[in-house]
Amino acid sequence: MTLSVDINHRLGDFAVEAKFDSAGRLTALFGPSGSGKSTVINLIAGLIRPDKGRIAVDGRVLVDTDARIFVPMHKRRIGMVFQDARLFPHMSVAANLRYGRWFTPSTERYAKIDAVVELLGIGHLLDRRPARLSGGEKQRVAIGRALLASPKLLLMDEPLASLDEARKAEILPYVERLRDETKIPIVYVSHSVAEVARLASDVVVLAQGKVVASGPTEAIMQRLDLLPAEERGEGGAVLDTKVLHHDEAFGMTVLGSQAGEIRVPRLARPAGATVRLRIRARDVMIATEQPTGLSALNILAGTIAAVRPGIEPTVEIAIDCNGAIVLARITEQSKRTLRLSLGRQVFAVIKTVSFDSATTGAGLSVEADG
Amino acid sequence: MNWLLDLTPDEWNAVRLSIKVATVAMIASLPPGILIALLLARGRFWGKTLLNGLVHLPLILPPVVTGYLLLLSFGRRGPAGVFLAEHFGIVFSFRWTGAALACGVMGFPLMVRAIRLSIEAVDRRIEAAAGTLGANPLWVFATITLPLILPGLIAGAILSFAKAMGEFGATITFVSNIPNETQTLPSAIYTFTQVPGGDAGALRLTLISIGISMVALVASEVLARRVGQRMDIE
């Protein structure tokens, strides 16, 4: 799937001028509120008509103001999951799920009701009315309803933003299954570093209506300067790791990564499973010699690959650990005292307890396995 | 109770006619009522205020004026009357159909108001969600909007029916007071009050009139509550 967007749209004083292409499995539109993410996704869905521009999915032009093309939303075959579920209140869950099927030509129906119901774990809800569902259940039904219209592209507009942490943890694994077990490309709008780092293959960063960066998740997540101020503490390196074995005696899981072995609190995932690990830059300490007599269990050797100014009084140090980048955020004073400079041999130190369900996806693996 | 149910044939006819006229007026005004309510609730066009005023006119004008205007336009020599008679064979003047037209027009503002309010209460984002699932605007209206405004439709229909049951001025001006043809309950009651010894008849018909209105109102309440429960809207 390739999505190509190049649009200009004005809403009062606010202008969105976004241009990007993406071929990702799950592309995140990422940015603080008011950055224009939702406008972009509404333009792709056809809920708004752009003042000017062009949008194409897999070469099929949906909007081209120059050529006077505007495909109405009901002909786009683009599924949409809204932040506020928007289920039909006068229909049962089953009728909500079946709604989109009526309008899909039978030759293009690839989504099977049973499979989708199973994927989202909503079998026990089918006879209920939307008013009798919890927030998380509503959102799962909304995802199922969008899937069963057999869309060519699935848009998700902050699907977790109105849910509490427990409900988020309930939905996230389903979004992961969606990403891994179906073939539908997904565009996912979010302002949360945790969600984007965990779910996205590609990220498009928006700020004040403009695209400020785009690329693979690992690369974008390291650019702490791109993250919204309130989320900057969550930024850091994203590593793809594998569960090597569990240390049952101490309740830990040992993950293997390019940077070396990393010990995290016990994850409910089988050996061999892949885990996308986010190491917050603020959780990483730097030592200039192999530390001893230290409680932290993870010590990764590497060389300093970049030194960037962060928000005062911090600096960001990128450490190349055997080809994988680990980010550390330290104070300017520490940098001077330790005389950290490019190419210097250092050790990145990370406490095992600094990993939590938000950075390991542990909460979700418990659910997915159980 | 016997004196109450012991109606003369003419009185029975008035009761039957009233129910027929009110039912036809209600059913016939529903489609245009929904259309106008949609236009007023969602349309953005020049002359919307004018249309709104026009719809509400029967509410403000003396019923006699409305009846006279109907006579001028839909009467035997009125332009609309001539046109409909020639092309469709529909004649209004001095027929029960004319009474239904008068009642429909008088109840129209009430019906449009009720439907309009319920349309304005529909969450358009839910309709947009249906659109993204592949439903074109017509399907969205039929499967989402219409079921969601059902309570408003019922309320509007009942108001129109109730208004029709009580309509007097416009009806008598437009189609007169002909027993068995245009003499509805109010006209019959009026006739009784104009003749000596008509008190008993007037009272009988008055009580019947009250009874029918009460039944209609209670029925609408029950219906609306059922619909509301079925929808289970938060």
# chains A, B, ... in the order shown; residues from 1 in each chain; ligands from 1
$ closest_atom_pairs --of "chain A" --to "chain B" --cutoff "8 Å" --atoms "only C-alpha atoms" --output "tab-separated table"
residue	atom	partner	partner_atom	distance
A:Ala45	CA	B:Thr132	CA	7.0
A:Leu47	CA	B:Ala128	CA	7.3
A:Met73	CA	B:Thr132	CA	5.6
A:His74	CA	B:Gly134	CA	3.9
A:Lys75	CA	B:Gly134	CA	6.1
A:Arg76	CA	B:Gly134	CA	7.7
A:Arg77	CA	B:Gly134	CA	6.6
A:Ile78	CA	B:Thr132	CA	6.6
A:Gly79	CA	B:Thr132	CA	6.1
A:Met80	CA	B:Thr132	CA	6.5
A:Arg86	CA	B:Ile126	CA	5.4
A:Leu87	CA	B:Ile126	CA	7.0
A:Phe88	CA	B:Ile126	CA	6.7
A:Pro89	CA	B:Ile233	CA	5.7
A:His90	CA	B:Met231	CA	4.3
A:Met91	CA	B:Met231	CA	7.3
A:Tyr99	CA	B:Leu133	CA	7.4
A:Gly100	CA	B:Leu133	CA	4.8
A:Phe103	CA	B:Gly134	CA	5.4
A:Thr104	CA	B:Gly134	CA	7.1
A:Arg129	CA	B:Asp232	CA	7.2
A:Ala131	CA	B:Glu234	CA	5.7
A:Ala146	CA	B:Leu133	CA	6.6
A:Ala149	CA	B:Leu133	CA	6.0
$ write_last_selection --atoms "N, CA and C atoms" --output "CSV table (one decimal), in the first residue's frame"
chain,number,residue,atom,x,y,z
A,45,ALA,N,-10.2,10.4,4.8
A,45,ALA,CA,-11.5,9.6,4.8
A,45,ALA,C,-12.5,10.2,3.9
A,47,LEU,N,-14.1,13.1,4.9
A,47,LEU,CA,-15.1,13.8,5.7
A,47,LEU,C,-15.0,15.3,5.5
A,73,MET,N,-17.1,10.0,0.4
A,73,MET,CA,-16.5,9.1,1.4
A,73,MET,C,-17.1,7.7,1.3
A,74,HIS,N,-18.4,7.6,0.9
A,74,HIS,CA,-19.0,6.2,0.9
A,74,HIS,C,-18.5,5.4,-0.3
A,75,LYS,N,-17.8,6.0,-1.2
A,75,LYS,CA,-17.2,5.3,-2.3
A,75,LYS,C,-15.7,5.0,-2.1
A,76,ARG,N,-15.1,5.5,-1.0
A,76,ARG,CA,-13.7,5.4,-0.9
A,76,ARG,C,-13.2,4.0,-0.4
A,77,ARG,N,-14.1,3.3,0.3
A,77,ARG,CA,-13.7,2.0,0.9
A,77,ARG,C,-12.5,2.2,1.8
A,78,ILE,N,-12.6,3.2,2.6
A,78,ILE,CA,-11.6,3.5,3.7
A,78,ILE,C,-12.3,3.4,5.0
A,79,GLY,N,-11.9,2.5,5.9
A,79,GLY,CA,-12.5,2.3,7.2
A,79,GLY,C,-12.0,3.4,8.1
A,80,MET,N,-12.9,3.8,9.1
A,80,MET,CA,-12.5,4.8,10.0
A,80,MET,C,-12.9,4.4,11.4
A,86,ARG,N,-18.6,6.1,18.0
A,86,ARG,CA,-19.7,6.4,17.2
A,86,ARG,C,-20.5,5.2,16.7
A,87,LEU,N,-20.8,4.3,17.6
A,87,LEU,CA,-21.7,3.1,17.2
A,87,LEU,C,-23.1,3.6,17.0
A,88,PHE,N,-23.9,2.8,16.2
A,88,PHE,CA,-25.3,3.2,16.0
A,88,PHE,C,-26.1,2.8,17.2
A,89,PRO,N,-26.7,3.8,17.9
A,89,PRO,CA,-27.3,3.5,19.2
A,89,PRO,C,-28.6,2.6,19.0
A,90,HIS,N,-29.2,2.7,17.8
A,90,HIS,CA,-30.5,1.9,17.7
A,90,HIS,C,-30.3,0.5,17.1
A,91,MET,N,-29.0,0.1,17.0
A,91,MET,CA,-28.8,-1.3,16.5
A,91,MET,C,-28.0,-2.1,17.5
A,99,TYR,N,-23.2,-3.7,9.4
A,99,TYR,CA,-23.7,-2.6,8.6
A,99,TYR,C,-22.9,-2.4,7.3
A,100,GLY,N,-21.6,-2.3,7.4
A,100,GLY,CA,-20.8,-2.0,6.3
A,100,GLY,C,-20.8,-3.1,5.2
A,103,PHE,N,-22.9,-2.7,2.0
A,103,PHE,CA,-22.5,-1.7,0.9
A,103,PHE,C,-21.2,-2.2,0.2
A,104,THR,N,-20.7,-3.3,0.6
A,104,THR,CA,-19.4,-3.8,0.0
A,104,THR,C,-19.8,-4.8,-1.1
A,129,ARG,N,-26.8,-3.8,23.2
A,129,ARG,CA,-26.9,-2.5,22.6
A,129,ARG,C,-25.7,-1.7,22.9
A,131,ALA,N,-25.2,1.1,24.2
A,131,ALA,CA,-25.3,1.8,25.5
A,131,ALA,C,-24.9,0.9,26.6
A,146,ALA,N,-15.6,-1.3,11.3
A,146,ALA,CA,-14.8,-0.8,10.2
A,146,ALA,C,-14.2,-1.9,9.4
A,149,ALA,N,-16.4,-3.8,6.8
A,149,ALA,CA,-16.7,-3.2,5.5
A,149,ALA,C,-15.6,-3.5,4.5
$ residues_around --residues "B:Thr191" --least-positions-apart "2" --cutoff "12 Å" --atoms "only C-alpha atoms" --output "ChimeraX atom specification"
/B:10-11,14,168,172,176-179,183-189,193-199,201-202,205
$ write_last_selection --atoms "C-alpha atoms" --output "PDB file, in the first residue's frame"
ATOM      1  CA  ASP B  10     -75.450  11.800  11.334  1.00  0.00           C
ATOM      2  CA  GLU B  11     -73.514  11.988  14.576  1.00  0.00           C
ATOM      3  CA  ALA B  14     -69.353  13.037  12.006  1.00  0.00           C
ATOM      4  CA  PHE B 168     -62.822  24.126  12.765  1.00  0.00           C
ATOM      5  CA  ILE B 172     -65.716  25.375   7.646  1.00  0.00           C
ATOM      6  CA  SER B 176     -68.408  24.437   4.581  1.00  0.00           C
ATOM      7  CA  ASN B 177     -70.402  22.203   6.938  1.00  0.00           C
ATOM      8  CA  ILE B 178     -72.097  19.493   4.866  1.00  0.00           C
ATOM      9  CA  PRO B 179     -73.361  16.480   6.833  1.00  0.00           C
ATOM     10  CA  GLN B 183     -69.156  17.903   8.769  1.00  0.00           C
ATOM     11  CA  THR B 184     -66.416  16.888  11.205  1.00  0.00           C
ATOM     12  CA  LEU B 185     -66.896  16.694  14.980  1.00  0.00           C
ATOM     13  CA  PRO B 186     -66.264  20.378  15.701  1.00  0.00           C
ATOM     14  CA  SER B 187     -68.595  21.425  12.879  1.00  0.00           C
ATOM     15  CA  ALA B 188     -71.270  19.050  14.162  1.00  0.00           C
ATOM     16  CA  ILE B 189     -70.901  20.385  17.689  1.00  0.00           C
ATOM     17  CA  THR B 193     -75.132  24.706  19.547  1.00  0.00           C
ATOM     18  CA  GLN B 194     -76.922  26.724  16.890  1.00  0.00           C
ATOM     19  CA  VAL B 195     -80.241  24.869  17.145  1.00  0.00           C
ATOM     20  CA  PRO B 196     -82.689  24.786  20.081  1.00  0.00           C
ATOM     21  CA  GLY B 197     -82.486  21.530  22.076  1.00  0.00           C
ATOM     22  CA  GLY B 198     -79.104  20.616  20.653  1.00  0.00           C
ATOM     23  CA  ASP B 199     -77.374  20.624  24.039  1.00  0.00           C
ATOM     24  CA  GLY B 201     -76.012  16.203  21.125  1.00  0.00           C
ATOM     25  CA  ALA B 202     -73.301  18.800  21.597  1.00  0.00           C
ATOM     26  CA  LEU B 205     -69.988  14.767  20.714  1.00  0.00           C
TER      27      LEU B 205
END
$ atom_distance --atom1 "atom CA of A:Arg49" --atom2 "atom CA of A:Ile143"
24.3 Å
$ residues_around --residues "B:Val218" --least-positions-apart "5" --cutoff "12 Å" --atoms "only C-alpha atoms" --output "list of chain:residue names"
B:Ala155, B:Ile158, B:Ala162, B:Gly211, B:Ile212, B:Ser213, B:Leu223, B:Ala224, B:Arg225
$ residues_around --residues "B:Ala216" --least-positions-apart "3" --cutoff "12 Å" --atoms "only C-alpha atoms" --output "VMD selection string"
chain B and resid 19 22 to 23 154 to 155 157 to 165 209 to 213 219 to 223
$ residues_around --residues "stretch 337-352 of chain A" --least-positions-apart "6" --cutoff "7 Å" --atoms "only C-alpha atoms" --output "list in words"
Arg263, Val264, Pro265, Asp283, Val284, Met285, Ile286, Ala287, Thr288, Glu289, Gln290, Ala296, Leu297, Asn298, Ile299, Leu300, Ala301, Gly302, Thr303, Ile304, Ala305, Ala306 and Val307 of chain A
$ closest_residue --among "A:Ala268, A:Ile311, A:Cys321, A:Met221" --to "A:Val254" --atoms "only C-alpha atoms"
A:Ala268
$ select_by_dssp --residues "stretch 20-149 of chain A" --states "helix (DSSP H, G or I)" --output "VMD selection string"
chain A and resid 37 to 45 73 to 75 93 to 103 106 to 108 113 to 120 123 to 125 130 to 132 135 to 147
$ select_by_dssp --residues "stretch 320-367 of chain A" --states "strand (DSSP E)" --output "MDAnalysis selection string"
chainID A and resid 320:321 324:331 345:350
$ write_last_selection --atoms "N, CA and C atoms" --output "short mmCIF file (atom, residue, chain, number, x, y, z; two decimals), in the first residue's frame"
data_model
loop_
_atom_site.label_atom_id
_atom_site.label_comp_id
_atom_site.auth_asym_id
_atom_site.auth_seq_id
_atom_site.Cartn_x
_atom_site.Cartn_y
_atom_site.Cartn_z
N ASP A 320 26.18 4.44 20.20
CA ASP A 320 26.11 3.35 19.23
C ASP A 320 26.58 2.08 19.92
N CYS A 321 25.64 1.20 20.26
CA CYS A 321 25.97 -0.06 20.90
C CYS A 321 25.90 -1.15 19.86
N ALA A 324 23.27 -0.57 17.20
CA ALA A 324 21.96 -0.09 17.65
C ALA A 324 22.16 1.18 18.47
N ILE A 325 21.31 2.16 18.25
CA ILE A 325 21.47 3.43 18.96
C ILE A 325 20.66 3.41 20.25
N VAL A 326 21.33 3.77 21.36
CA VAL A 326 20.64 3.97 22.63
C VAL A 326 20.80 5.44 22.99
N LEU A 327 19.69 6.07 23.36
CA LEU A 327 19.73 7.50 23.67
C LEU A 327 19.80 7.73 25.17
N ALA A 328 20.61 8.71 25.56
CA ALA A 328 20.67 9.09 26.97
C ALA A 328 20.44 10.58 27.08
N ARG A 329 19.68 10.98 28.08
CA ARG A 329 19.55 12.40 28.33
C ARG A 329 20.21 12.68 29.67
N ILE A 330 21.25 13.52 29.65
CA ILE A 330 21.97 13.85 30.87
C ILE A 330 22.12 15.36 30.98
N THR A 331 22.62 15.82 32.09
CA THR A 331 22.78 17.27 32.24
C THR A 331 24.05 17.73 31.54
N GLN A 345 34.52 5.93 24.05
CA GLN A 345 34.00 4.65 24.54
C GLN A 345 33.24 4.88 25.84
N VAL A 346 31.97 4.46 25.92
CA VAL A 346 31.21 4.63 27.17
C VAL A 346 30.35 3.40 27.43
N PHE A 347 29.70 3.39 28.60
CA PHE A 347 28.75 2.34 28.92
C PHE A 347 27.40 2.97 29.24
N ALA A 348 26.35 2.45 28.60
CA ALA A 348 24.99 2.91 28.91
C ALA A 348 24.45 2.03 30.01
N VAL A 349 23.93 2.65 31.07
CA VAL A 349 23.46 1.91 32.23
C VAL A 349 21.94 2.12 32.37
N ILE A 350 21.22 1.02 32.42
CA ILE A 350 19.75 1.14 32.53
C ILE A 350 19.26 0.21 33.64
#
$ closest_residue --among "B:Pro151, B:Gly98, B:Pro9, B:Gly107" --to "B:Gly75" --atoms "only C-alpha atoms"
B:Gly98
